[in-house]
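Trainee: Provided below: data.txt, containing compact mmCIF, C-alpha atoms and all ligand atoms.
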```txt
# COMPACT_ATOMS: atom_id res chain seq x y z
CA MET A 1 10.71 138.59 193.07
CA GLN A 2 7.91 140.64 191.44
CA THR A 3 8.80 144.20 192.46
CA PRO A 4 11.61 146.16 190.82
CA ALA A 5 14.36 147.53 193.08
CA PRO A 6 14.21 151.30 193.80
CA VAL A 7 15.34 153.31 190.80
CA GLU A 8 15.88 156.98 189.87
CA TYR A 9 13.62 158.21 187.02
CA ALA A 10 14.11 161.07 184.57
CA LYS A 11 12.05 162.09 181.53
CA ALA A 12 14.14 163.23 178.56
CA THR A 13 12.82 166.06 176.38
CA SER A 14 15.22 165.61 173.44
CA VAL A 15 17.95 163.26 172.20
CA ALA A 16 20.60 165.65 173.54
CA ASP A 17 18.81 165.70 176.90
CA ALA A 18 18.63 161.88 176.99
CA ILE A 19 22.38 161.64 176.31
CA ALA A 20 23.11 164.28 179.01
CA LEU A 21 20.99 162.29 181.49
CA LEU A 22 22.74 159.03 180.54
CA GLU A 23 26.10 160.73 181.21
CA LYS A 24 24.84 162.23 184.48
CA TYR A 25 23.67 158.90 185.90
CA GLY A 26 26.59 156.87 184.49
CA GLU A 27 26.96 153.25 183.42
CA ASP A 28 24.07 151.95 185.54
CA ALA A 29 21.50 154.14 183.76
CA ARG A 30 19.20 152.55 181.16
CA ILE A 31 16.95 154.02 178.50
CA ILE A 32 13.30 153.01 178.86
CA ALA A 33 11.12 153.00 175.71
CA GLY A 34 8.01 150.77 175.70
CA GLY A 35 9.22 149.00 178.83
CA HIS A 36 7.85 145.66 177.68
CA SER A 37 11.20 143.92 177.91
CA LEU A 38 13.00 146.04 180.52
CA ILE A 39 10.26 146.21 183.19
CA PRO A 40 9.70 142.42 183.30
CA MET A 41 13.48 141.99 183.63
CA MET A 42 13.53 144.54 186.47
CA ARG A 43 10.66 142.79 188.21
CA LEU A 44 12.63 139.54 188.06
CA ARG A 45 15.76 141.50 189.11
CA ILE A 46 17.60 140.20 186.06
CA ALA A 47 18.12 143.91 185.30
CA ARG A 48 18.87 146.35 188.17
CA PRO A 49 19.48 149.80 186.65
CA GLU A 50 20.17 152.69 189.06
CA ALA A 51 18.31 155.15 186.82
CA LEU A 52 15.74 155.00 184.02
CA ILE A 53 15.83 157.62 181.27
CA ASP A 54 12.36 157.78 179.72
CA ILE A 55 12.40 158.69 175.99
CA ASN A 56 8.65 158.41 175.36
CA ASP A 57 8.23 162.20 174.92
CA VAL A 58 11.19 162.74 172.57
CA ALA A 59 9.60 163.98 169.32
CA GLU A 60 12.83 163.48 167.29
CA LEU A 61 12.55 159.73 167.83
CA LYS A 62 9.06 159.43 166.34
CA GLY A 63 7.73 159.00 162.81
CA ILE A 64 8.33 157.02 159.63
CA SER A 65 9.66 158.88 156.58
CA ILE A 66 11.51 158.49 153.29
CA GLU A 67 14.96 160.09 152.89
CA GLY A 68 16.45 159.60 149.42
CA ASN A 69 16.32 155.87 148.76
CA GLU A 70 15.94 154.89 152.42
CA ILE A 71 13.02 154.36 154.78
CA VAL A 72 13.74 155.99 158.15
CA ILE A 73 11.95 154.74 161.26
CA GLY A 74 12.38 156.64 164.53
CA ALA A 75 13.47 154.55 167.52
CA MET A 76 10.24 155.34 169.40
CA VAL A 77 7.97 154.08 166.61
CA ARG A 78 5.78 151.43 168.19
CA HIS A 79 4.92 147.98 166.83
CA ALA A 80 1.33 149.16 166.18
CA GLU A 81 2.59 151.96 163.92
CA VAL A 82 4.86 149.57 162.02
CA LEU A 83 1.88 147.25 161.56
CA SER A 84 -0.41 149.94 160.15
CA SER A 85 2.08 152.10 158.20
CA PRO A 86 1.09 152.47 154.50
CA VAL A 87 4.66 153.59 153.66
CA LEU A 88 6.19 150.42 155.08
CA PHE A 89 3.52 148.23 153.49
CA GLU A 90 4.09 149.84 150.08
CA HIS A 91 7.81 149.00 150.13
CA TYR A 92 7.99 145.85 152.29
CA SER A 93 4.91 143.79 153.17
CA ILE A 94 7.19 141.77 155.51
CA PHE A 95 6.69 144.44 158.20
CA ARG A 96 2.93 143.95 158.31
CA GLU A 97 3.23 140.16 158.12
CA ALA A 98 5.73 140.04 161.00
CA GLU A 99 3.93 142.57 163.20
CA LYS A 100 0.62 140.71 162.96
CA LEU A 101 2.41 137.83 164.67
CA ILE A 102 4.30 139.78 167.36
CA ALA A 103 2.72 139.49 170.81
CA ASP A 104 -0.75 141.08 171.17
CA PRO A 105 -2.27 144.56 170.79
CA VAL A 106 -1.35 145.56 174.37
CA VAL A 107 2.35 144.85 173.77
CA ARG A 108 2.24 146.27 170.23
CA ASN A 109 0.74 149.54 171.50
CA ARG A 110 3.79 150.16 173.74
CA GLY A 111 6.79 148.19 172.45
CA THR A 112 9.07 150.05 170.03
CA ILE A 113 11.34 149.19 167.12
CA GLY A 114 14.30 150.77 168.94
CA GLY A 115 13.61 148.73 172.06
CA SER A 116 13.26 145.55 170.00
CA MET A 117 16.64 146.08 168.33
CA CYS A 118 18.40 147.07 171.58
CA GLN A 119 16.92 144.22 173.60
CA ALA A 120 18.66 141.79 171.20
CA ASP A 121 16.54 138.89 172.38
CA PRO A 122 17.65 135.85 170.32
CA SER A 123 13.97 135.26 169.45
CA GLU A 124 13.11 138.88 168.47
CA ASP A 125 11.02 138.94 165.28
CA LEU A 126 11.98 142.45 164.14
CA SER A 127 15.69 141.58 164.36
CA ALA A 128 15.11 138.91 161.70
CA VAL A 129 13.18 141.39 159.56
CA GLY A 130 15.97 143.97 159.95
CA SER A 131 18.68 141.49 158.99
CA ALA A 132 16.69 140.15 156.02
CA LEU A 133 16.30 143.67 154.64
CA GLY A 134 19.93 144.65 155.30
CA GLY A 135 18.91 147.59 157.47
CA SER A 136 21.08 149.82 159.61
CA VAL A 137 20.76 151.75 162.86
CA VAL A 138 21.93 155.21 163.86
CA VAL A 139 23.51 155.44 167.32
CA GLN A 140 24.21 158.83 168.90
CA ASN A 141 26.38 160.01 171.80
CA SER A 142 27.62 163.41 172.95
CA SER A 143 30.33 163.45 170.25
CA GLY A 144 28.04 162.72 167.30
CA SER A 145 26.39 159.78 165.59
CA ARG A 146 27.41 156.69 163.65
CA THR A 147 25.57 154.26 161.39
CA ILE A 148 25.91 150.52 162.03
CA ALA A 149 24.68 147.74 159.73
CA LEU A 150 22.11 145.64 161.57
CA ARG A 151 24.09 142.53 160.62
CA ASP A 152 26.94 143.94 162.76
CA PHE A 153 24.82 145.51 165.48
CA HIS A 154 23.90 142.45 167.56
CA GLU A 155 26.95 141.08 169.35
CA GLY A 156 25.15 138.13 170.92
CA PRO A 157 22.09 137.43 173.05
CA TYR A 158 21.06 140.69 174.79
CA GLU A 159 24.22 142.47 173.60
CA THR A 160 24.53 145.21 171.01
CA LYS A 161 27.00 147.85 169.92
CA VAL A 162 25.16 150.58 171.92
CA GLY A 163 27.64 151.71 174.57
CA ASP A 164 27.34 153.72 177.80
CA GLY A 165 26.02 157.23 177.18
CA GLU A 166 24.57 156.23 173.79
CA ILE A 167 21.10 156.05 172.33
CA LEU A 168 19.73 154.40 169.20
CA THR A 169 17.86 157.11 167.29
CA GLN A 170 16.82 155.57 163.94
CA VAL A 171 16.44 152.29 162.07
CA ARG A 172 16.95 152.66 158.28
CA PHE A 173 16.14 150.38 155.37
CA PRO A 174 17.19 150.65 151.70
CA ILE A 175 14.31 150.87 149.21
CA ARG A 176 14.41 148.11 146.57
CA PRO A 177 11.99 148.62 143.68
CA GLY A 178 10.32 145.44 142.45
CA ASN A 179 11.01 143.39 145.57
CA GLY A 180 8.58 140.97 147.16
CA SER A 181 8.87 140.08 150.86
CA ALA A 182 7.26 137.70 153.32
CA TYR A 183 7.42 136.52 156.95
CA GLU A 184 6.70 133.02 158.25
CA LYS A 185 6.52 132.10 161.94
CA VAL A 186 5.57 129.09 164.00
CA GLU A 187 4.47 129.87 167.57
CA ARG A 188 3.08 127.59 170.23
CA ARG A 189 -0.01 129.77 170.73
CA VAL A 190 -1.27 133.06 169.29
CA GLY A 191 0.91 136.01 170.31
CA ASP A 192 3.77 133.89 171.63
CA TRP A 193 7.44 134.23 170.89
CA PRO A 194 8.53 132.16 167.86
CA VAL A 195 9.56 128.52 167.94
CA ALA A 196 11.22 129.58 164.67
CA SER A 197 10.71 132.38 162.13
CA ALA A 198 12.05 133.25 158.70
CA GLY A 199 11.68 136.51 156.79
CA THR A 200 12.85 137.15 153.24
CA PHE A 201 12.86 139.62 150.39
CA VAL A 202 13.49 138.62 146.77
CA VAL A 203 13.91 140.66 143.58
CA VAL A 204 13.24 138.61 140.43
CA LYS A 205 14.27 140.00 137.03
CA ASP A 206 13.60 138.01 133.84
CA GLY A 207 13.02 134.89 135.92
CA VAL A 208 16.34 135.21 137.77
CA VAL A 209 16.92 136.19 141.42
CA SER A 210 18.88 139.45 141.18
CA ASP A 211 18.83 140.21 144.93
CA CYS A 212 17.58 138.58 148.11
CA GLY A 213 17.85 138.66 151.90
CA ILE A 214 17.12 135.94 154.45
CA GLY A 215 16.50 136.71 158.15
CA LEU A 216 16.02 134.05 160.82
CA THR A 217 15.19 134.17 164.50
CA ALA A 218 14.98 131.76 167.44
CA VAL A 219 17.19 129.23 165.62
CA GLY A 220 20.68 130.38 166.65
CA ALA A 221 21.48 132.04 163.33
CA SER A 222 24.55 134.26 163.60
CA HIS A 223 23.41 137.93 163.30
CA PHE A 224 19.87 136.73 162.50
CA CYS A 225 20.79 136.03 158.84
CA ALA A 226 21.83 133.34 156.37
CA PRO A 227 24.37 134.93 153.98
CA ALA A 228 25.55 131.64 152.40
CA ALA A 229 21.98 130.83 151.37
CA GLU A 230 21.56 134.33 149.89
CA GLN A 231 24.78 133.99 147.90
CA TYR A 232 23.65 130.61 146.60
CA LEU A 233 20.39 132.05 145.29
CA ILE A 234 21.54 135.30 143.70
CA GLY A 235 21.96 134.86 139.93
CA LYS A 236 19.98 131.60 139.82
CA PRO A 237 16.53 131.02 138.29
CA ALA A 238 13.66 131.73 140.69
CA SER A 239 12.64 128.06 140.86
CA GLU A 240 11.21 125.85 143.58
CA GLU A 241 14.32 123.67 143.37
CA ASN A 242 16.67 126.59 144.02
CA PHE A 243 14.52 127.96 146.85
CA ALA A 244 14.56 124.52 148.52
CA ALA A 245 18.35 124.27 148.16
CA ALA A 246 18.81 127.78 149.63
CA ALA A 247 16.43 126.94 152.49
CA GLN A 248 18.52 123.85 153.25
CA ILE A 249 21.72 125.94 153.34
CA ALA A 250 19.95 128.34 155.73
CA ALA A 251 18.85 125.47 157.99
CA ASP A 252 22.33 123.93 157.95
CA SER A 253 23.84 127.26 159.06
CA CYS A 254 21.69 127.44 162.22
CA SER A 255 22.39 126.01 165.67
CA PRO A 256 19.12 126.08 167.61
CA ASN A 257 18.89 124.99 171.24
CA SER A 258 16.45 122.40 172.52
CA ASP A 259 14.21 124.15 175.04
CA GLN A 260 10.59 124.46 176.20
CA ARG A 261 9.63 125.64 172.70
CA GLY A 262 10.86 122.48 171.00
CA PRO A 263 13.81 120.20 170.21
CA ALA A 264 16.71 121.44 168.09
CA ASP A 265 16.03 119.07 165.15
CA TYR A 266 12.41 120.25 164.94
CA LYS A 267 13.59 123.90 164.86
CA LYS A 268 16.05 123.06 162.05
CA HIS A 269 13.21 121.45 160.13
CA LEU A 270 11.09 124.57 160.68
CA CYS A 271 13.96 126.77 159.57
CA HIS A 272 14.08 124.95 156.23
CA GLU A 273 10.33 124.89 155.72
CA LEU A 274 9.68 128.51 156.78
CA THR A 275 12.58 129.84 154.69
CA LEU A 276 11.28 127.93 151.66
CA ARG A 277 7.75 129.29 152.12
CA ALA A 278 8.96 132.85 152.61
CA LEU A 279 11.25 132.70 149.55
CA ARG A 280 8.48 131.23 147.41
CA ARG A 281 5.97 133.91 148.40
CA SER A 282 8.54 136.73 148.11
CA ALA A 283 9.42 135.66 144.57
CA GLN A 284 5.75 135.39 143.59
CA ALA A 285 5.14 138.91 144.93
CA SER A 286 8.18 140.26 143.10
CA GLN A 287 6.79 138.82 139.85
CA GLY A 288 3.36 140.31 140.58
CA ALA A 289 1.67 136.95 141.03
C1 LIG B 1 3.96 139.24 176.56
C2 LIG B 1 5.00 139.66 175.55
C3 LIG B 1 5.07 138.99 174.35
C4 LIG B 1 6.03 139.35 173.41
N1 LIG B 1 6.08 138.66 172.24
C5 LIG B 1 6.99 139.01 171.31
C6 LIG B 1 7.09 138.31 170.09
O1 LIG B 1 6.31 137.40 169.78
N2 LIG B 1 8.05 138.68 169.22
C7 LIG B 1 8.92 139.71 169.48
O2 LIG B 1 9.76 140.00 168.65
N3 LIG B 1 8.83 140.41 170.63
C8 LIG B 1 7.91 140.08 171.55
N4 LIG B 1 7.84 140.78 172.73
C9 LIG B 1 8.81 141.87 172.99
C10 LIG B 1 8.27 143.21 172.53
O3 LIG B 1 8.44 143.27 171.13
C11 LIG B 1 9.04 144.35 173.22
O4 LIG B 1 8.25 145.46 173.09
C12 LIG B 1 10.40 144.69 172.65
O5 LIG B 1 11.26 143.59 172.73
C13 LIG B 1 11.12 145.78 173.42
O6 LIG B 1 10.64 147.02 173.06
P1 LIG B 1 10.38 148.10 174.19
O7 LIG B 1 10.16 149.40 173.49
O8 LIG B 1 9.30 147.64 175.10
O9 LIG B 1 11.80 148.17 174.95
P2 LIG B 1 12.17 148.43 176.48
O10 LIG B 1 11.67 147.31 177.32
O11 LIG B 1 11.80 149.81 176.89
O12 LIG B 1 13.77 148.35 176.37
C14 LIG B 1 14.42 147.14 176.03
C15 LIG B 1 15.94 147.37 176.09
O13 LIG B 1 16.35 148.26 175.05
C16 LIG B 1 16.96 149.44 175.59
N5 LIG B 1 16.48 150.54 174.74
C17 LIG B 1 15.19 150.78 174.36
N6 LIG B 1 15.15 151.78 173.49
C18 LIG B 1 16.43 152.21 173.31
C19 LIG B 1 17.03 153.24 172.51
N7 LIG B 1 16.31 154.02 171.69
N8 LIG B 1 18.38 153.40 172.58
C20 LIG B 1 19.14 152.60 173.39
N9 LIG B 1 18.61 151.62 174.17
C21 LIG B 1 17.27 151.43 174.12
C22 LIG B 1 16.51 149.50 177.05
O14 LIG B 1 17.45 150.18 177.86
C23 LIG B 1 16.41 148.02 177.39
O15 LIG B 1 17.70 147.54 177.70
C24 LIG B 1 6.91 140.43 173.68
C25 LIG B 1 6.83 141.12 174.90
C26 LIG B 1 5.88 140.74 175.83
C27 LIG B 1 5.80 141.50 177.11
```
Spit out the file's structure as C-alpha cells when you get a sec.
Ligand SMILES: Cc1cc2nc3c(=O)[nH]c(=O)nc-3n(C[C@H](O)[C@H](O)[C@H](O)COP(=O)(O)OP(=O)(O)OC[C@H]3O[C@@H](n4cnc5c(N)ncnc54)[C@H](O)[C@@H]3O)c2cc1C

Mentor:
Amino acid sequence: MQTPAPVEYAKATSVADAIALLEKYGEDARIIAGGHSLIPMMRLRIARPEALIDINDVAELKGISIEGNEIVIGAMVRHAEVLSSPVLFEHYSIFREAEKLIADPVVRNRGTIGGSMCQADPSEDLSAVGSALGGSVVVQNSSGSRTIALRDFHEGPYETKVGDGEILTQVRFPIRPGNGSAYEKVERRVGDWPVASAGTFVVVKDGVVSDCGIGLTAVGASHFCAPAAEQYLIGKPASEENFAAAAQIAADSCSPNSDQRGPADYKKHLCHELTLRALRRSAQASQGA
C-alpha cells in the first residue's frame, strides 16, 4: 500500500494552538514535524492517524539557545541546523559528527530533533547522542509542562512518555566545560541507518576521567545508554586499557537482534569497537590533543 488513508489536516500557529487541536481531534490525532518517519509509516498503513497537526510554522519550537548552563534546542530544529550550529559544535562536537552520518541532505533538511526523539526508532542516531549527553526533554499539555530525562523518556521501540494531547517542545543538554565528545557509526552504505553506533563524551582532569557518558543505538541497549560502563570508567585513569574494559562492559550490556543489517555477534563486536574508538577520541579532545 503506497497511499496514506484519508486524514484531517490542521496547521498549528502556536504550542497552545497545537495542544488545543490535539485535544479537539482526540487520541487518533498525531503531530507532524518533518514527516520523514510518519509519512512513510502512513503510506505503509503502519500508522493510520485520523488527523495530522502540522507544527512546522510554530515559531516557539524553533532555534538553538543557551539558558544558564544548558543548551536548549527547539523541537522543530532540523537535522541540517544541528549539523551546522556553531553553538552546538563549540560545546559538543558529537552533534556534528553524528549528523554528518544521518541519512542524506534531503532528509536532514526536513527531519527534526523533536521528531527523532518522539519516533523512538531503536536505531535512531540522535537518541544515542541524547542519552550519552544526559539530555532532557520538555513535554507540554494544557495543564503545563514537565521535564523528563532522556534516559527515562523512551519506553521501548516507538514508545515514549508523550501522552495524548501532549507535545514535545524542547530538548535540553547540560553544558560541561572541558569535555570532549565523539560519534562512531557503521552503516551498510552512505546515509543508511546504523548497523551499530556509539557516541560518548569524556571529561579528563589530571589524567583521570571525572565524568563520561556512553550512548548506543541499534544494538538493543536499554534507554540507548550503558550506565555500568560509565560507572566503571569514572574515577579511573584515562588509559587505553580502561577504555577497552569499559567498551567491553558496554558491549556485554547490549542485546542486539540478528537482522538484515547483520548478525547479533557482529553487532556486539561493533558495539565494543565503536565505544572504544569514541571514548579514545573523546578523551583526546578533552585533553586538547
Ligand atoms: C531515507 C531515510 C533515512 C534515514 N536515516 C536515518 C539515519 O541514518 N539515522 C537516524 O537517526 N534517522 C534516520 N532517518 C530518520 C530521520 O532522522 C527522521 O527525520 C526522524 O526520525 C523523524 O523526524 P521528523 O521530524 O521527520 O518526524 P515526523 O515523521 O514528523 O514524526 C515522527 C513521530 O514523532 C511525532 N512527533 C514529531 N514531532 C513531535 C513533537 N514535537 N511532539 C510530539 N510528537 C512529535 C510524530 O507524531 C510521529 O509519531 C531517516 C529517514 C529517512 C526517510

Trainee: I'd like the interatomic distance between atom CA of A:Val171 and atom CA of A:Gly35, to a tenth of an Å.

Mentor: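 We find that atom CA of A:Val171 and atom CA of A:Gly35 lie 18.5 Å from each other.
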
Trainee: For atom CA of A:Ala247 and atom CA of A:Thr275, quote the distance in Å rounded to one decimal.

Mentor: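 Separation between atom CA of A:Ala247 and atom CA of A:Thr275: 5.3 Å.
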
Trainee: Mind giving me the straight-line distance from atom CA of A:Ile31 to atom CA of A:Gln2 in Å, one decimal?

Mentor: 20.7 Å

Trainee: Around ligand LIG 1 (chain B), which protein and nucleic acid residues have at least one atom no more than 7 Å from it, if we count all atoms listed in the file? List them as a ChimeraX atom specification.

Mentor: /A:30-39,75-76,101-104,107-108,110-116,118-119,123-126,162,166-169,191-194

Trainee: Looking at A:Leu133, A:Asp211, A:Val202, A:Ala228, which one is nearest to A:Ala245, with distances taken over only C-alpha atoms?

Mentor: A:Ala228

Trainee: Could you check which of A:Arg261, A:Thr147, A:Ser131, A:Ile214 is closest to A:Arg188, using only C-alpha atoms?

Mentor: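 Using only C-alpha atoms, A:Arg188 sits closest to A:Arg261.
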
Trainee: For stretch 284-286 of chain A, please output as JSON, numbers by chain all residues within 6 Å (counting all atoms listed in the file; exclusion window: fewer than 5 positions along the same chain).

Mentor: {"A": [178, 179, 180, 203, 204]}

Trainee: For the selection you just gave me, I'd like the residues written to a file as an mmCIF file, keeping the file's coordinate frame, keeping C-alpha atoms.

Mentor:
```cif
data_model
loop_
_atom_site.group_PDB
_atom_site.id
_atom_site.type_symbol
_atom_site.label_atom_id
_atom_site.label_comp_id
_atom_site.auth_asym_id
_atom_site.auth_seq_id
_atom_site.Cartn_x
_atom_site.Cartn_y
_atom_site.Cartn_z
ATOM 1 C CA GLY A 178 10.320 145.440 142.450
ATOM 2 C CA ASN A 179 11.010 143.390 145.570
ATOM 3 C CA GLY A 180 8.580 140.970 147.160
ATOM 4 C CA VAL A 203 13.910 140.660 143.580
ATOM 5 C CA VAL A 204 13.240 138.610 140.430
#
```

Trainee: Identify the residues within 12 Å of coordinate (20.7, 162.2, 176.5) (same frame as the file), considering only C-alpha atoms, and give the answer as a PyMOL selection string.

Mentor: chain A and resi 10-26+29-31+52-55+58+139-144+164-169

Trainee: Could you list, as a ChimeraX atom specification, every residue within 6 Å of A:Thr217, counting all atoms listed in the file and ignoring same-chain residues fewer than 5 positions away?

Mentor: /A:123,128,197,224

Trainee: Pick out the closest residue to A:Gln248 from this set: A:Arg96, A:Arg189, A:Lys161, A:His269. Count all atoms listed in the file.

Mentor: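 Of A:Arg96, A:Arg189, A:Lys161, A:His269, the one nearest A:Gln248, counting all atoms listed in the file, is A:His269.
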
Trainee: From the options A:Asp57, A:Glu81, A:Glu27, A:Glu70, which residue's atoms come nearest to A:Gln170, counting only C-alpha atoms?

Mentor: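 Closest to A:Gln170 of all the choices is A:Glu70.
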
Trainee: Let me make sure I understand: among A:Ile71, A:Val77, A:Ala226, A:Val208, which one has the smallest atom-to-atom distance to A:Arg176 if we use all atoms listed in the file?

Mentor: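 Among the listed residues, A:Ile71 lies closest to A:Arg176.
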
Trainee: Kindly list the centre and edge lengths in Å, rounded to one decimal, for the axis-aligned box that covers all listed atoms of stretch 35-51 of chain A plus 5 Å on each of its six sides, as JSON.

Mentor:
```
{"center_x": 14.0, "center_y": 147.3, "center_z": 183.4, "size_x": 22.3, "size_y": 25.6, "size_z": 21.4}
```

Trainee: Could you check which of A:Val106, A:Leu88, A:Ile249, A:Ala278 is closest to A:Val72, using only C-alpha atoms?

Mentor: A:Leu88

Trainee: Could you list, as a PyMOL selection string, every residue within 12 Å of A:Phe173, counting all atoms listed in the file and ignoring same-chain residues fewer than 3 positions away?

Mentor: chain A and resi 64-74+88+91-92+95+129-138+147-150+170+176

Trainee: Just C-alpha atoms for this one: save the residues we selected as an mmCIF file, in the frame of the given file.

Mentor:
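Below is the file that was written, selection_21.cif:
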```cif
data_model
loop_
_atom_site.group_PDB
_atom_site.id
_atom_site.type_symbol
_atom_site.label_atom_id
_atom_site.label_comp_id
_atom_site.auth_asym_id
_atom_site.auth_seq_id
_atom_site.Cartn_x
_atom_site.Cartn_y
_atom_site.Cartn_z
ATOM 1 C CA ILE A 64 8.330 157.020 159.630
ATOM 2 C CA SER A 65 9.660 158.880 156.580
ATOM 3 C CA ILE A 66 11.510 158.490 153.290
ATOM 4 C CA GLU A 67 14.960 160.090 152.890
ATOM 5 C CA GLY A 68 16.450 159.600 149.420
ATOM 6 C CA ASN A 69 16.320 155.870 148.760
ATOM 7 C CA GLU A 70 15.940 154.890 152.420
ATOM 8 C CA ILE A 71 13.020 154.360 154.780
ATOM 9 C CA VAL A 72 13.740 155.990 158.150
ATOM 10 C CA ILE A 73 11.950 154.740 161.260
ATOM 11 C CA GLY A 74 12.380 156.640 164.530
ATOM 12 C CA LEU A 88 6.190 150.420 155.080
ATOM 13 C CA HIS A 91 7.810 149.000 150.130
ATOM 14 C CA TYR A 92 7.990 145.850 152.290
ATOM 15 C CA PHE A 95 6.690 144.440 158.200
ATOM 16 C CA VAL A 129 13.180 141.390 159.560
ATOM 17 C CA GLY A 130 15.970 143.970 159.950
ATOM 18 C CA SER A 131 18.680 141.490 158.990
ATOM 19 C CA ALA A 132 16.690 140.150 156.020
ATOM 20 C CA LEU A 133 16.300 143.670 154.640
ATOM 21 C CA GLY A 134 19.930 144.650 155.300
ATOM 22 C CA GLY A 135 18.910 147.590 157.470
ATOM 23 C CA SER A 136 21.080 149.820 159.610
ATOM 24 C CA VAL A 137 20.760 151.750 162.860
ATOM 25 C CA VAL A 138 21.930 155.210 163.860
ATOM 26 C CA THR A 147 25.570 154.260 161.390
ATOM 27 C CA ILE A 148 25.910 150.520 162.030
ATOM 28 C CA ALA A 149 24.680 147.740 159.730
ATOM 29 C CA LEU A 150 22.110 145.640 161.570
ATOM 30 C CA GLN A 170 16.820 155.570 163.940
ATOM 31 C CA ARG A 176 14.410 148.110 146.570
#
```

Trainee: Distance cut-off 8 Å, centre (24.7, 145.8, 170.8) in file coordinates, counting only C-alpha atoms: which residues qualify? Return them as a ChimeraX atom specification.

Mentor: /A:118,120,153-156,158-163

Trainee: Compile the contact shell of A:Ala244 as a list in words: residues with an atom at most 9 Å away, counting only C-alpha atoms, same-chain residues fewer than 6 positions apart removed.

Mentor: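 Neighbouring residues, sequence-local ones excluded: His272, Glu273, Thr275, Leu276 and Leu279 of chain A.
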